[in-house]
$ cat coords04.pdb   # PDB, C-alpha atoms
ATOM      1  CA  MET A 210       6.378  25.354   9.995
ATOM      2  CA  GLU A 211       4.189  23.175  12.152
ATOM      3  CA  LEU A 212       4.717  19.455  11.868
ATOM      4  CA  VAL A 213       2.537  16.709  13.252
ATOM      5  CA  LEU A 214       3.885  13.412  14.498
ATOM      6  CA  THR A 215       1.282  10.660  14.270
ATOM      7  CA  LEU A 216       1.839   7.408  16.124
ATOM      8  CA  VAL A 217      -0.325   4.312  15.659
ATOM      9  CA  SER A 218      -0.115   0.932  17.367
ATOM     10  CA  PRO A 219      -2.314  -2.090  18.039
ATOM     11  CA  ASP A 220      -1.244  -1.554  21.667
ATOM     12  CA  PRO A 221      -2.491   1.840  22.963
ATOM     13  CA  ALA A 222       0.003   1.790  25.841
ATOM     14  CA  GLU A 223       2.910   1.377  23.420
ATOM     15  CA  ALA A 224       1.618   4.275  21.296
ATOM     16  CA  ALA A 225       1.314   6.539  24.354
ATOM     17  CA  ALA A 226       4.763   5.629  25.655
ATOM     18  CA  ALA A 227       6.368   6.200  22.243
ATOM     19  CA  ALA A 228       4.568   9.542  21.953
ATOM     20  CA  ASP A 229       6.004  10.638  25.314
ATOM     21  CA  ARG A 230       9.540   9.631  24.324
ATOM     22  CA  ALA A 231       9.294  11.330  20.922
ATOM     23  CA  ALA A 232       7.792  14.498  22.369
ATOM     24  CA  SER A 233      10.629  14.712  24.890
ATOM     25  CA  ALA A 234      13.225  14.182  22.166
ATOM     26  CA  LEU A 235      11.748  16.937  20.001
ATOM     27  CA  ALA A 236      11.353  19.324  22.937
ATOM     28  CA  ALA A 237      14.986  18.733  23.924
ATOM     29  CA  ALA A 238      15.952  19.909  20.443
ATOM     30  CA  GLY A 239      14.007  23.153  20.869
ATOM     31  CA  ALA A 240      10.702  22.268  19.235
ATOM     32  CA  GLY A 241       7.495  23.677  20.669
ATOM     33  CA  VAL A 242       5.673  20.439  21.383
ATOM     34  CA  LYS A 243       1.962  20.617  22.099
ATOM     35  CA  ALA A 244      -0.160  18.215  24.104
ATOM     36  CA  PRO A 245      -1.002  14.976  22.274
ATOM     37  CA  ILE A 246      -4.378  14.643  20.576
ATOM     38  CA  ALA A 247      -6.171  11.302  20.600
ATOM     39  CA  LEU A 248      -7.341  10.235  17.138
ATOM     40  CA  GLY A 249      -8.550   6.785  18.083
ATOM     41  CA  GLU A 250      -7.584   3.807  20.179
ATOM     42  CA  GLY A 251      -3.834   3.490  19.886
ATOM     43  CA  ALA A 252      -3.543   6.552  17.608
ATOM     44  CA  LEU A 253      -2.140   9.936  18.648
ATOM     45  CA  ASP A 254      -1.129  13.231  17.055
ATOM     46  CA  VAL A 255       1.736  15.211  18.581
ATOM     47  CA  PRO A 256       1.916  18.729  17.039
ATOM     48  CA  ALA A 257       5.344  20.375  17.037
ATOM     49  CA  LEU A 258       6.386  23.915  16.064
ATOM     50  CA  GLY A 259       9.920  24.649  14.946
ATOM     51  CA  ALA A 260      10.989  21.033  14.756
ATOM     52  CA  PRO A 261      14.733  20.562  14.106
ATOM     53  CA  ALA A 262      16.061  19.469  10.712
ATOM     54  CA  ASP A 263      16.890  16.059  12.149
ATOM     55  CA  ALA A 264      13.419  15.570  13.630
ATOM     56  CA  GLU A 265      12.836  12.258  11.827
ATOM     57  CA  THR A 266      16.100  10.834  13.128
ATOM     58  CA  ARG A 267      15.189  11.866  16.663
ATOM     59  CA  VAL A 268      11.710  10.357  16.399
ATOM     60  CA  ARG A 269      13.085   7.129  14.938
ATOM     61  CA  ALA A 270      15.480   6.781  17.852
ATOM     62  CA  ALA A 271      12.759   7.586  20.381
ATOM     63  CA  VAL A 272      10.291   5.056  18.961
ATOM     64  CA  GLY A 273      13.026   2.431  18.634
ATOM     65  CA  ASP A 274      11.824  -1.156  18.261
ATOM     66  CA  ALA A 275       8.424  -0.530  19.825
ATOM     67  CA  PRO A 276       5.480  -1.942  17.825
ATOM     68  CA  VAL A 277       4.477   1.541  16.721
ATOM     69  CA  ASP A 278       4.042   2.986  13.223
ATOM     70  CA  TRP A 279       4.589   6.694  12.775
ATOM     71  CA  ALA A 280       4.652   9.552  10.299
ATOM     72  CA  LEU A 281       6.048  13.068  10.652
ATOM     73  CA  LEU A 282       4.281  15.413   8.246
ATOM     74  CA  PRO A 283       3.501  19.108   7.737
ATOM     75  CA  ALA A 284       0.288  20.049   9.521
ATOM     76  CA  ALA A 285      -1.002  21.781   6.400
ATOM     77  CA  GLY A 286      -2.413  19.632   3.612
ATOM     78  CA  ARG A 287      -2.456  16.358   5.496
ATOM     79  CA  LYS A 288      -5.658  15.057   3.936
ATOM     80  CA  LYS A 289      -4.909  13.820   0.424
ATOM     81  CA  GLY A 290      -7.133  14.088  -2.639
ATOM     82  CA  LEU A 291      -5.798  11.014  -4.448
ATOM     83  CA  LEU A 292      -5.008   7.499  -3.264
ATOM     84  CA  VAL A 293      -3.099   5.125  -5.539
ATOM     85  CA  ALA A 294      -2.693   1.678  -4.038
ATOM     86  CA  ASP A 295      -0.932  -1.506  -5.000
ATOM     87  CA  MET A 296      -3.101  -4.638  -4.721
ATOM     88  CA  ASP A 297      -1.137  -7.813  -3.977
ATOM     89  CA  SER A 298       0.103  -8.030  -0.374
ATOM     90  CA  THR A 299      -1.083  -4.445   0.180
ATOM     91  CA  ILE A 300      -4.835  -4.151  -0.265
ATOM     92  CA  ILE A 301      -5.220  -7.931  -0.273
ATOM     93  CA  ASN A 302      -3.548 -10.687   1.707
ATOM     94  CA  VAL A 303      -1.874 -12.676  -1.082
ATOM     95  CA  GLU A 304       0.098 -12.492  -4.311
ATOM     96  CA  CYS A 305      -2.526 -13.651  -6.826
ATOM     97  CA  LEU A 306       0.038 -15.028  -9.260
ATOM     98  CA  ASP A 307       1.531 -17.196  -6.536
ATOM     99  CA  GLU A 308      -1.920 -18.537  -5.679
ATOM    100  CA  LEU A 309      -2.571 -19.392  -9.325
ATOM    101  CA  ALA A 310       0.775 -21.159  -9.323
ATOM    102  CA  ASP A 311      -0.442 -23.305  -6.457
ATOM    103  CA  PHE A 312      -3.265 -24.614  -8.643
ATOM    104  CA  ALA A 313      -0.637 -25.499 -11.238
ATOM    105  CA  GLY A 314       1.586 -27.229  -8.676
ATOM    106  CA  LEU A 315       4.287 -24.592  -9.118
ATOM    107  CA  LYS A 316       3.880 -22.330  -6.087
ATOM    108  CA  ALA A 317       7.365 -22.834  -4.663
ATOM    109  CA  GLU A 318       9.086 -22.067  -7.969
ATOM    110  CA  ILE A 319       6.950 -19.078  -8.896
ATOM    111  CA  SER A 320       6.852 -17.613  -5.364
ATOM    112  CA  ALA A 321      10.634 -17.575  -5.317
ATOM    113  CA  ILE A 322      10.685 -15.460  -8.483
ATOM    114  CA  THR A 323       7.979 -13.166  -7.090
ATOM    115  CA  GLU A 324       9.967 -12.589  -3.922
ATOM    116  CA  ARG A 325      13.104 -11.653  -5.859
ATOM    117  CA  ALA A 326      11.150  -9.301  -8.131
ATOM    118  CA  MET A 327       9.450  -7.571  -5.200
ATOM    119  CA  ARG A 328      12.837  -7.095  -3.540
ATOM    120  CA  GLY A 329      14.120  -5.403  -6.680
ATOM    121  CA  GLU A 330      16.555  -8.208  -7.513
ATOM    122  CA  LEU A 331      14.879  -8.952 -10.866
ATOM    123  CA  GLN A 332      13.489  -6.705 -13.571
ATOM    124  CA  PHE A 333       9.725  -6.749 -13.045
ATOM    125  CA  GLU A 334       8.555  -7.102 -16.622
ATOM    126  CA  GLY A 335      10.836 -10.034 -17.408
ATOM    127  CA  ALA A 336       9.952 -11.762 -14.159
ATOM    128  CA  LEU A 337       6.239 -11.387 -14.890
ATOM    129  CA  ARG A 338       6.561 -12.862 -18.380
ATOM    130  CA  GLU A 339       8.565 -15.774 -16.968
ATOM    131  CA  ARG A 340       6.025 -16.556 -14.254
ATOM    132  CA  VAL A 341       2.994 -16.250 -16.535
ATOM    133  CA  GLY A 342       4.743 -18.461 -19.081
ATOM    134  CA  MET A 343       4.987 -21.190 -16.453
ATOM    135  CA  LEU A 344       1.186 -21.150 -16.112
ATOM    136  CA  LYS A 345       0.573 -22.083 -19.747
ATOM    137  CA  GLY A 346      -2.294 -24.565 -19.952
ATOM    138  CA  LEU A 347      -3.823 -23.720 -16.579
ATOM    139  CA  ALA A 348      -7.623 -23.800 -16.743
ATOM    140  CA  VAL A 349      -9.174 -20.322 -16.634
ATOM    141  CA  THR A 350     -11.569 -21.595 -13.959
ATOM    142  CA  ALA A 351      -8.606 -21.527 -11.558
ATOM    143  CA  LEU A 352      -8.769 -17.713 -11.524
ATOM    144  CA  GLN A 353     -12.224 -17.602  -9.982
ATOM    145  CA  GLN A 354     -11.344 -20.423  -7.623
ATOM    146  CA  ALA A 355      -8.235 -18.568  -6.466
ATOM    147  CA  TYR A 356     -10.241 -15.404  -5.924
ATOM    148  CA  ASP A 357     -13.016 -17.145  -4.006
ATOM    149  CA  GLU A 358     -10.786 -19.315  -1.851
ATOM    150  CA  ARG A 359      -7.646 -17.251  -1.298
ATOM    151  CA  VAL A 360      -8.212 -13.516  -1.795
ATOM    152  CA  ARG A 361      -9.248 -11.431   1.197
ATOM    153  CA  LEU A 362      -9.063  -7.686   1.823
ATOM    154  CA  ASN A 363      -6.395  -6.788   4.351
ATOM    155  CA  PRO A 364      -7.677  -5.312   7.634
ATOM    156  CA  GLY A 365      -8.590  -1.663   7.248
ATOM    157  CA  ALA A 366      -8.511  -1.678   3.434
ATOM    158  CA  ARG A 367     -12.217  -1.094   2.866
ATOM    159  CA  THR A 368     -12.373   1.520   5.628
ATOM    160  CA  LEU A 369      -9.358   3.355   4.152
ATOM    161  CA  VAL A 370     -10.807   3.520   0.656
ATOM    162  CA  ARG A 371     -14.384   4.300   1.623
ATOM    163  CA  THR A 372     -13.377   7.009   4.101
ATOM    164  CA  MET A 373     -11.140   8.801   1.618
ATOM    165  CA  ALA A 374     -13.770   8.489  -1.118
ATOM    166  CA  ALA A 375     -16.455   9.881   1.193
ATOM    167  CA  ASN A 376     -14.213  12.898   1.792
ATOM    168  CA  GLY A 377     -13.824  13.630  -1.926
ATOM    169  CA  ALA A 378     -10.619  11.747  -2.735
ATOM    170  CA  ARG A 379     -10.237   9.640  -5.862
ATOM    171  CA  CYS A 380      -9.087   6.100  -5.124
ATOM    172  CA  ALA A 381      -7.243   4.053  -7.754
ATOM    173  CA  LEU A 382      -6.067   0.452  -7.528
ATOM    174  CA  VAL A 383      -2.997   0.095  -9.753
ATOM    175  CA  SER A 384      -1.403  -3.329  -9.860
ATOM    176  CA  GLY A 385       1.312  -5.273 -11.606
ATOM    177  CA  GLY A 386      -1.113  -8.178 -11.217
ATOM    178  CA  PHE A 387      -4.133  -8.925 -13.348
ATOM    179  CA  THR A 388      -7.405  -7.241 -14.246
ATOM    180  CA  PHE A 389      -9.378 -10.385 -13.371
ATOM    181  CA  PHE A 390      -8.481  -9.749  -9.745
ATOM    182  CA  THR A 391      -8.235  -5.934  -9.641
ATOM    183  CA  SER A 392     -11.764  -5.511 -11.008
ATOM    184  CA  ARG A 393     -13.166  -7.670  -8.215
ATOM    185  CA  VAL A 394     -10.976  -6.259  -5.466
ATOM    186  CA  ALA A 395     -11.695  -2.681  -6.552
ATOM    187  CA  ASN A 396     -15.414  -3.352  -6.311
ATOM    188  CA  ALA A 397     -15.085  -5.029  -2.918
ATOM    189  CA  ALA A 398     -13.000  -2.231  -1.407
ATOM    190  CA  GLY A 399     -14.710   0.735  -3.095
ATOM    191  CA  PHE A 400     -12.023   2.004  -5.480
ATOM    192  CA  HIS A 401     -13.143   4.324  -8.265
ATOM    193  CA  LEU A 402     -10.910   2.729 -10.890
ATOM    194  CA  ASN A 403      -8.397  -0.041 -11.397
ATOM    195  CA  ARG A 404      -5.513  -0.773 -13.760
ATOM    196  CA  ALA A 405      -3.517  -3.970 -14.155
ATOM    197  CA  ASN A 406      -2.148  -6.488 -16.646
ATOM    198  CA  THR A 407      -4.212  -8.883 -18.745
ATOM    199  CA  LEU A 408      -3.784 -12.642 -18.864
ATOM    200  CA  ILE A 409      -4.253 -14.036 -22.370
ATOM    201  CA  GLU A 410      -6.506 -17.062 -22.628
ATOM    202  CA  ALA A 411      -7.735 -19.378 -25.382
ATOM    203  CA  ASP A 412     -10.007 -22.406 -25.357
ATOM    204  CA  GLY A 413     -10.569 -22.071 -21.620
ATOM    205  CA  LYS A 414      -6.880 -22.136 -20.734
ATOM    206  CA  LEU A 415      -4.106 -19.615 -20.112
ATOM    207  CA  THR A 416      -1.763 -19.271 -23.085
ATOM    208  CA  GLY A 417       1.231 -18.372 -20.946
ATOM    209  CA  GLN A 418       1.225 -14.826 -22.325
ATOM    210  CA  VAL A 419       0.422 -11.482 -20.805
ATOM    211  CA  GLY A 420      -0.948  -8.440 -22.630
ATOM    212  CA  GLU A 421       1.574  -5.802 -23.674
ATOM    213  CA  PRO A 422       2.727  -3.297 -22.617
ATOM    214  CA  ILE A 423       3.198  -4.646 -19.123
ATOM    215  CA  LEU A 424       2.106  -2.432 -16.267
ATOM    216  CA  GLY A 425       5.122  -2.153 -13.989
ATOM    217  CA  LYS A 426       6.964   0.462 -11.940
ATOM    218  CA  GLU A 427       6.925   3.261 -14.520
ATOM    219  CA  ALA A 428       3.264   2.666 -15.375
ATOM    220  CA  LYS A 429       2.336   2.924 -11.703
ATOM    221  CA  LEU A 430       4.163   6.242 -11.451
ATOM    222  CA  ALA A 431       2.459   7.427 -14.655
ATOM    223  CA  ALA A 432      -0.946   6.490 -13.242
ATOM    224  CA  LEU A 433      -0.268   8.557 -10.122
ATOM    225  CA  GLN A 434       0.854  11.550 -12.192
ATOM    226  CA  GLU A 435      -1.995  11.276 -14.697
ATOM    227  CA  GLN A 436      -4.678  11.024 -12.036
ATOM    228  CA  ALA A 437      -3.221  13.967 -10.107
ATOM    229  CA  ALA A 438      -3.105  16.071 -13.263
ATOM    230  CA  GLU A 439      -6.677  15.139 -14.155
ATOM    231  CA  LEU A 440      -7.832  16.238 -10.716
ATOM    232  CA  GLY A 441      -5.688  19.375 -10.770
ATOM    233  CA  LEU A 442      -3.800  18.256  -7.680
ATOM    234  CA  PRO A 443      -0.155  18.920  -6.835
ATOM    235  CA  MET A 444       1.843  15.804  -6.029
ATOM    236  CA  SER A 445       1.875  16.920  -2.397
ATOM    237  CA  ALA A 446      -1.859  16.138  -2.289
ATOM    238  CA  THR A 447      -1.396  12.483  -3.276
ATOM    239  CA  LEU A 448      -0.935   9.294  -1.287
ATOM    240  CA  ALA A 449       0.619   6.081  -2.607
ATOM    241  CA  VAL A 450       0.939   2.769  -0.784
ATOM    242  CA  GLY A 451       2.616  -0.496  -1.719
ATOM    243  CA  ASP A 452       5.014  -3.200  -0.619
ATOM    244  CA  GLY A 453       7.289  -4.112  -3.542
ATOM    245  CA  ALA A 454      10.050  -2.624  -5.672
ATOM    246  CA  ASN A 455       7.645  -1.873  -8.515
ATOM    247  CA  ASP A 456       5.792   0.489  -6.128
ATOM    248  CA  LEU A 457       8.864   2.495  -5.229
ATOM    249  CA  ALA A 458       8.655   5.182  -7.931
ATOM    250  CA  MET A 459       5.074   6.149  -7.105
ATOM    251  CA  ILE A 460       5.790   6.008  -3.371
ATOM    252  CA  GLU A 461       8.748   8.376  -3.718
ATOM    253  CA  ALA A 462       6.850  10.786  -6.002
ATOM    254  CA  SER A 463       3.704  11.072  -3.884
ATOM    255  CA  GLY A 464       3.043  13.573  -1.149
ATOM    256  CA  LEU A 465       2.722  10.723   1.326
ATOM    257  CA  GLY A 466       4.324   7.452   0.249
ATOM    258  CA  VAL A 467       3.679   4.554   2.587
ATOM    259  CA  ALA A 468       5.408   1.183   2.700
ATOM    260  CA  TYR A 469       2.948  -1.446   3.938
ATOM    261  CA  ARG A 470       4.573  -4.614   5.346
ATOM    262  CA  ALA A 471       7.132  -3.806   2.682
ATOM    263  CA  LYS A 472      10.361  -5.212   1.306
ATOM    264  CA  PRO A 473      13.492  -3.519   2.736
ATOM    265  CA  ILE A 474      14.220  -1.538  -0.434
ATOM    266  CA  VAL A 475      10.764   0.051  -0.224
ATOM    267  CA  ALA A 476      10.663   0.587   3.532
ATOM    268  CA  ALA A 477      13.996   2.426   3.367
ATOM    269  CA  GLN A 478      12.730   4.993   0.848
ATOM    270  CA  ALA A 479       9.106   5.554   1.862
ATOM    271  CA  HIS A 480       7.948   8.607   3.801
ATOM    272  CA  ALA A 481       6.313   6.316   6.359
ATOM    273  CA  LYS A 482       5.847   2.600   6.869
ATOM    274  CA  VAL A 483       3.143   0.456   8.403
ATOM    275  CA  ASP A 484       4.516  -2.715   9.950
ATOM    276  CA  HIS A 485       2.251  -3.138  12.975
ATOM    277  CA  ALA A 486      -1.130  -1.428  12.567
ATOM    278  CA  ASP A 487      -3.692  -2.086   9.836
ATOM    279  CA  LEU A 488      -4.394   0.084   6.810
ATOM    280  CA  THR A 489      -6.456   2.590   8.818
ATOM    281  CA  ALA A 490      -3.051   3.917   9.910
ATOM    282  CA  LEU A 491      -3.035   5.758   6.568
ATOM    283  CA  LEU A 492      -6.169   7.596   7.674
ATOM    284  CA  TYR A 493      -4.651   8.519  11.016
ATOM    285  CA  PHE A 494      -1.509   9.774   9.241
ATOM    286  CA  GLN A 495      -3.792  12.171   7.342
ATOM    287  CA  GLY A 496      -5.395  13.439  10.543
ATOM    288  CA  TYR A 497      -8.664  11.551  10.342
ATOM    289  CA  LYS A 498     -10.186  10.580  13.678
ATOM    290  CA  ALA A 499     -11.702   7.153  14.211
ATOM    291  CA  ALA A 500     -15.118   8.790  14.549
ATOM    292  CA  GLU A 501     -14.793   9.959  10.936
ATOM    293  CA  PHE A 502     -14.092   6.496   9.519
ATOM    294  CA  VAL A 503     -16.651   5.047   7.123
ATOM    295  CA  VAL A 504     -17.166   1.507   8.353
ATOM    296  CA  ASP A 505     -19.595  -1.300   7.583
TER     297      ASP A 505
END

$ encode --input "coords04.pdb" --output "structure tokens"
Amino acid sequence: MELVLTLVSPDPAEAAAAADRAASALAAAGAGVKAPIALGEGALDVPALGAPADAETRVRAAVGDAPVDWALLPAAGRKKGLLVADMDSTIINVECLDELADFAGLKAEISAITERAMRGELQFEGALRERVGMLKGLAVTALQQAYDERVRLNPGARTLVRTMAANGARCALVSGGFTFFTSRVANAAGFHLNRANTLIEADGKLTGQVGEPILGKEAKLAALQEQAAELGLPMSATLAVGDGANDLAMIEASGLGVAYRAKPIVAAQAHAKVDHADLTALLYFQGYKAAEFVVD
């Protein structure tokens, strides 16, 4: 089977040097390594035939601590037909609930709970109810203010979604956050659909309650499976990306599960991680060239 090693870095020289080291490591193990193919600035494909069973371990050692993200995938079926993405700290730059907490003067307290939940130290549903409960009485106008003042798409997010959509993939934003934000972020980035939780409000204020059932880890996995089934796609043709523990099930089940600036529990289990490049790395991992990107 032919595998392709893709390396992406903000520093093209680092990507090239890591590609040379990885190619040598694979060749030393008997793989038929082909010449690297440039995908874009700081992005390279290194095709390899007959890669050893421990190819990932060898590549990991060769890349080392260099500021390079990489993925080792089968050459066949690299382009995925479904993208399911987390929102907070993945597609956007913040945790929306933490930003709402700031307007309530509770950011430190609520952010601490968020961090523990995203690390998998707390059960997600209970942690969400607790945090939303602390926002009881917050004016609903704070939601729009938080969106306008704090929420920004992460670099490469719009290009990732629009490029995959232009190539026939369905793109879904599935969040443990709130529909107020996912509806706006989905529109800004170009997602086809979005799913999230609902904040309950009354008389212009948050009641401190969230709509049930809560969309958490299992619901994210279900969304991935349901969308794949609706499209008639095998799981191998799906891509999932996220950063927290509630993303782990969909990341593990997808054909390409990517940990983006992720918590350790997620980074350890994902098929690939992106710690240095922007979200266009997910396009390079699929074999897209920069010339194929749909950009504004």

$ residues_around --input "coords04.pdb" --residues "Gly464 of chain A" --least-positions-apart "5" --cutoff "12 Å" --atoms "all atoms listed in the file" --output "list in words"
Leu282, Pro283, Ala285, Gly286, Arg287, Lys288, Lys289, Gly290, Leu291, Leu292, Val293, Leu433, Gln434, Ala437, Leu442, Pro443, Met444, Ser445, Ala446, Thr447, Leu448, Ala449, Val450, Met459, Ala479, His480, Ala481, Phe494 and Gln495 of chain A

$ residues_around --input "coords04.pdb" --residues "Ala471 of chain A" --least-positions-apart "5" --cutoff "8 Å" --atoms "only C-alpha atoms" --output "MDAnalysis selection string"
chainID A and resid 451:453 476 482 484

$ atom_distance --input "coords04.pdb" --atom1 "atom CA of Arg379 of chain A" --atom2 "atom CA of Ile301 of chain A"
19.1 Å

$ resolve_selection --input "coords04.pdb" --expression "the PyMOL selection byres ((chain A and resi 391) around 12)" --output "PyMOL selection string"
chain A and resi 294-297+300-301+304-305+352+356+360+362+381-390+392-407

$ write_last_selection --input "coords04.pdb" --atoms "C-alpha atoms" --output "mmCIF file, in the frame of the given file"
data_model
loop_
_atom_site.group_PDB
_atom_site.id
_atom_site.type_symbol
_atom_site.label_atom_id
_atom_site.label_comp_id
_atom_site.auth_asym_id
_atom_site.auth_seq_id
_atom_site.Cartn_x
_atom_site.Cartn_y
_atom_site.Cartn_z
ATOM 1 C CA ALA A 294 -2.693 1.678 -4.038
ATOM 2 C CA ASP A 295 -0.932 -1.506 -5.000
ATOM 3 C CA MET A 296 -3.101 -4.638 -4.721
ATOM 4 C CA ASP A 297 -1.137 -7.813 -3.977
ATOM 5 C CA ILE A 300 -4.835 -4.151 -0.265
ATOM 6 C CA ILE A 301 -5.220 -7.931 -0.273
ATOM 7 C CA GLU A 304 0.098 -12.492 -4.311
ATOM 8 C CA CYS A 305 -2.526 -13.651 -6.826
ATOM 9 C CA LEU A 352 -8.769 -17.713 -11.524
ATOM 10 C CA TYR A 356 -10.241 -15.404 -5.924
ATOM 11 C CA VAL A 360 -8.212 -13.516 -1.795
ATOM 12 C CA LEU A 362 -9.063 -7.686 1.823
ATOM 13 C CA ALA A 381 -7.243 4.053 -7.754
ATOM 14 C CA LEU A 382 -6.067 0.452 -7.528
ATOM 15 C CA VAL A 383 -2.997 0.095 -9.753
ATOM 16 C CA SER A 384 -1.403 -3.329 -9.860
ATOM 17 C CA GLY A 385 1.312 -5.273 -11.606
ATOM 18 C CA GLY A 386 -1.113 -8.178 -11.217
ATOM 19 C CA PHE A 387 -4.133 -8.925 -13.348
ATOM 20 C CA THR A 388 -7.405 -7.241 -14.246
ATOM 21 C CA PHE A 389 -9.378 -10.385 -13.371
ATOM 22 C CA PHE A 390 -8.481 -9.749 -9.745
ATOM 23 C CA SER A 392 -11.764 -5.511 -11.008
ATOM 24 C CA ARG A 393 -13.166 -7.670 -8.215
ATOM 25 C CA VAL A 394 -10.976 -6.259 -5.466
ATOM 26 C CA ALA A 395 -11.695 -2.681 -6.552
ATOM 27 C CA ASN A 396 -15.414 -3.352 -6.311
ATOM 28 C CA ALA A 397 -15.085 -5.029 -2.918
ATOM 29 C CA ALA A 398 -13.000 -2.231 -1.407
ATOM 30 C CA GLY A 399 -14.710 0.735 -3.095
ATOM 31 C CA PHE A 400 -12.023 2.004 -5.480
ATOM 32 C CA HIS A 401 -13.143 4.324 -8.265
ATOM 33 C CA LEU A 402 -10.910 2.729 -10.890
ATOM 34 C CA ASN A 403 -8.397 -0.041 -11.397
ATOM 35 C CA ARG A 404 -5.513 -0.773 -13.760
ATOM 36 C CA ALA A 405 -3.517 -3.970 -14.155
ATOM 37 C CA ASN A 406 -2.148 -6.488 -16.646
ATOM 38 C CA THR A 407 -4.212 -8.883 -18.745
#

$ resolve_selection --input "coords04.pdb" --expression "the PyMOL selection byres ((chain A and resi 414-420) around 9)" --output "mmCIF file with C-alpha atoms, keeping the file's coordinate frame"
data_model
loop_
_atom_site.group_PDB
_atom_site.id
_atom_site.type_symbol
_atom_site.label_atom_id
_atom_site.label_comp_id
_atom_site.auth_asym_id
_atom_site.auth_seq_id
_atom_site.Cartn_x
_atom_site.Cartn_y
_atom_site.Cartn_z
ATOM 1 C CA LEU A 337 6.239 -11.387 -14.890
ATOM 2 C CA ARG A 338 6.561 -12.862 -18.380
ATOM 3 C CA GLU A 339 8.565 -15.774 -16.968
ATOM 4 C CA ARG A 340 6.025 -16.556 -14.254
ATOM 5 C CA VAL A 341 2.994 -16.250 -16.535
ATOM 6 C CA GLY A 342 4.743 -18.461 -19.081
ATOM 7 C CA MET A 343 4.987 -21.190 -16.453
ATOM 8 C CA LEU A 344 1.186 -21.150 -16.112
ATOM 9 C CA LYS A 345 0.573 -22.083 -19.747
ATOM 10 C CA GLY A 346 -2.294 -24.565 -19.952
ATOM 11 C CA LEU A 347 -3.823 -23.720 -16.579
ATOM 12 C CA ALA A 348 -7.623 -23.800 -16.743
ATOM 13 C CA VAL A 349 -9.174 -20.322 -16.634
ATOM 14 C CA THR A 350 -11.569 -21.595 -13.959
ATOM 15 C CA ASN A 406 -2.148 -6.488 -16.646
ATOM 16 C CA THR A 407 -4.212 -8.883 -18.745
ATOM 17 C CA LEU A 408 -3.784 -12.642 -18.864
ATOM 18 C CA ILE A 409 -4.253 -14.036 -22.370
ATOM 19 C CA GLU A 410 -6.506 -17.062 -22.628
ATOM 20 C CA ALA A 411 -7.735 -19.378 -25.382
ATOM 21 C CA ASP A 412 -10.007 -22.406 -25.357
ATOM 22 C CA GLY A 413 -10.569 -22.071 -21.620
ATOM 23 C CA GLU A 421 1.574 -5.802 -23.674
ATOM 24 C CA PRO A 422 2.727 -3.297 -22.617
ATOM 25 C CA ILE A 423 3.198 -4.646 -19.123
#

$ closest_residue --input "coords04.pdb" --among "A:Val277, A:Arg325, A:Val213, A:Asn302" --to "Ala264 of chain A" --atoms "all atoms listed in the file"
A:Val213

$ atom_distance --input "coords04.pdb" --atom1 "atom CA of Leu248 of chain A" --atom2 "atom CA of Tyr497 of chain A"
7.0 Å

$ axis_aligned_box --input "coords04.pdb" --around "segment 417-430 of chain A" --padding-each-side "5 Å" --output "AutoDock Vina command-line options"
--center_x 3.0 --center_y -6.1 --center_z -17.6 --size_x 17.9 --size_y 34.6 --size_z 22.2
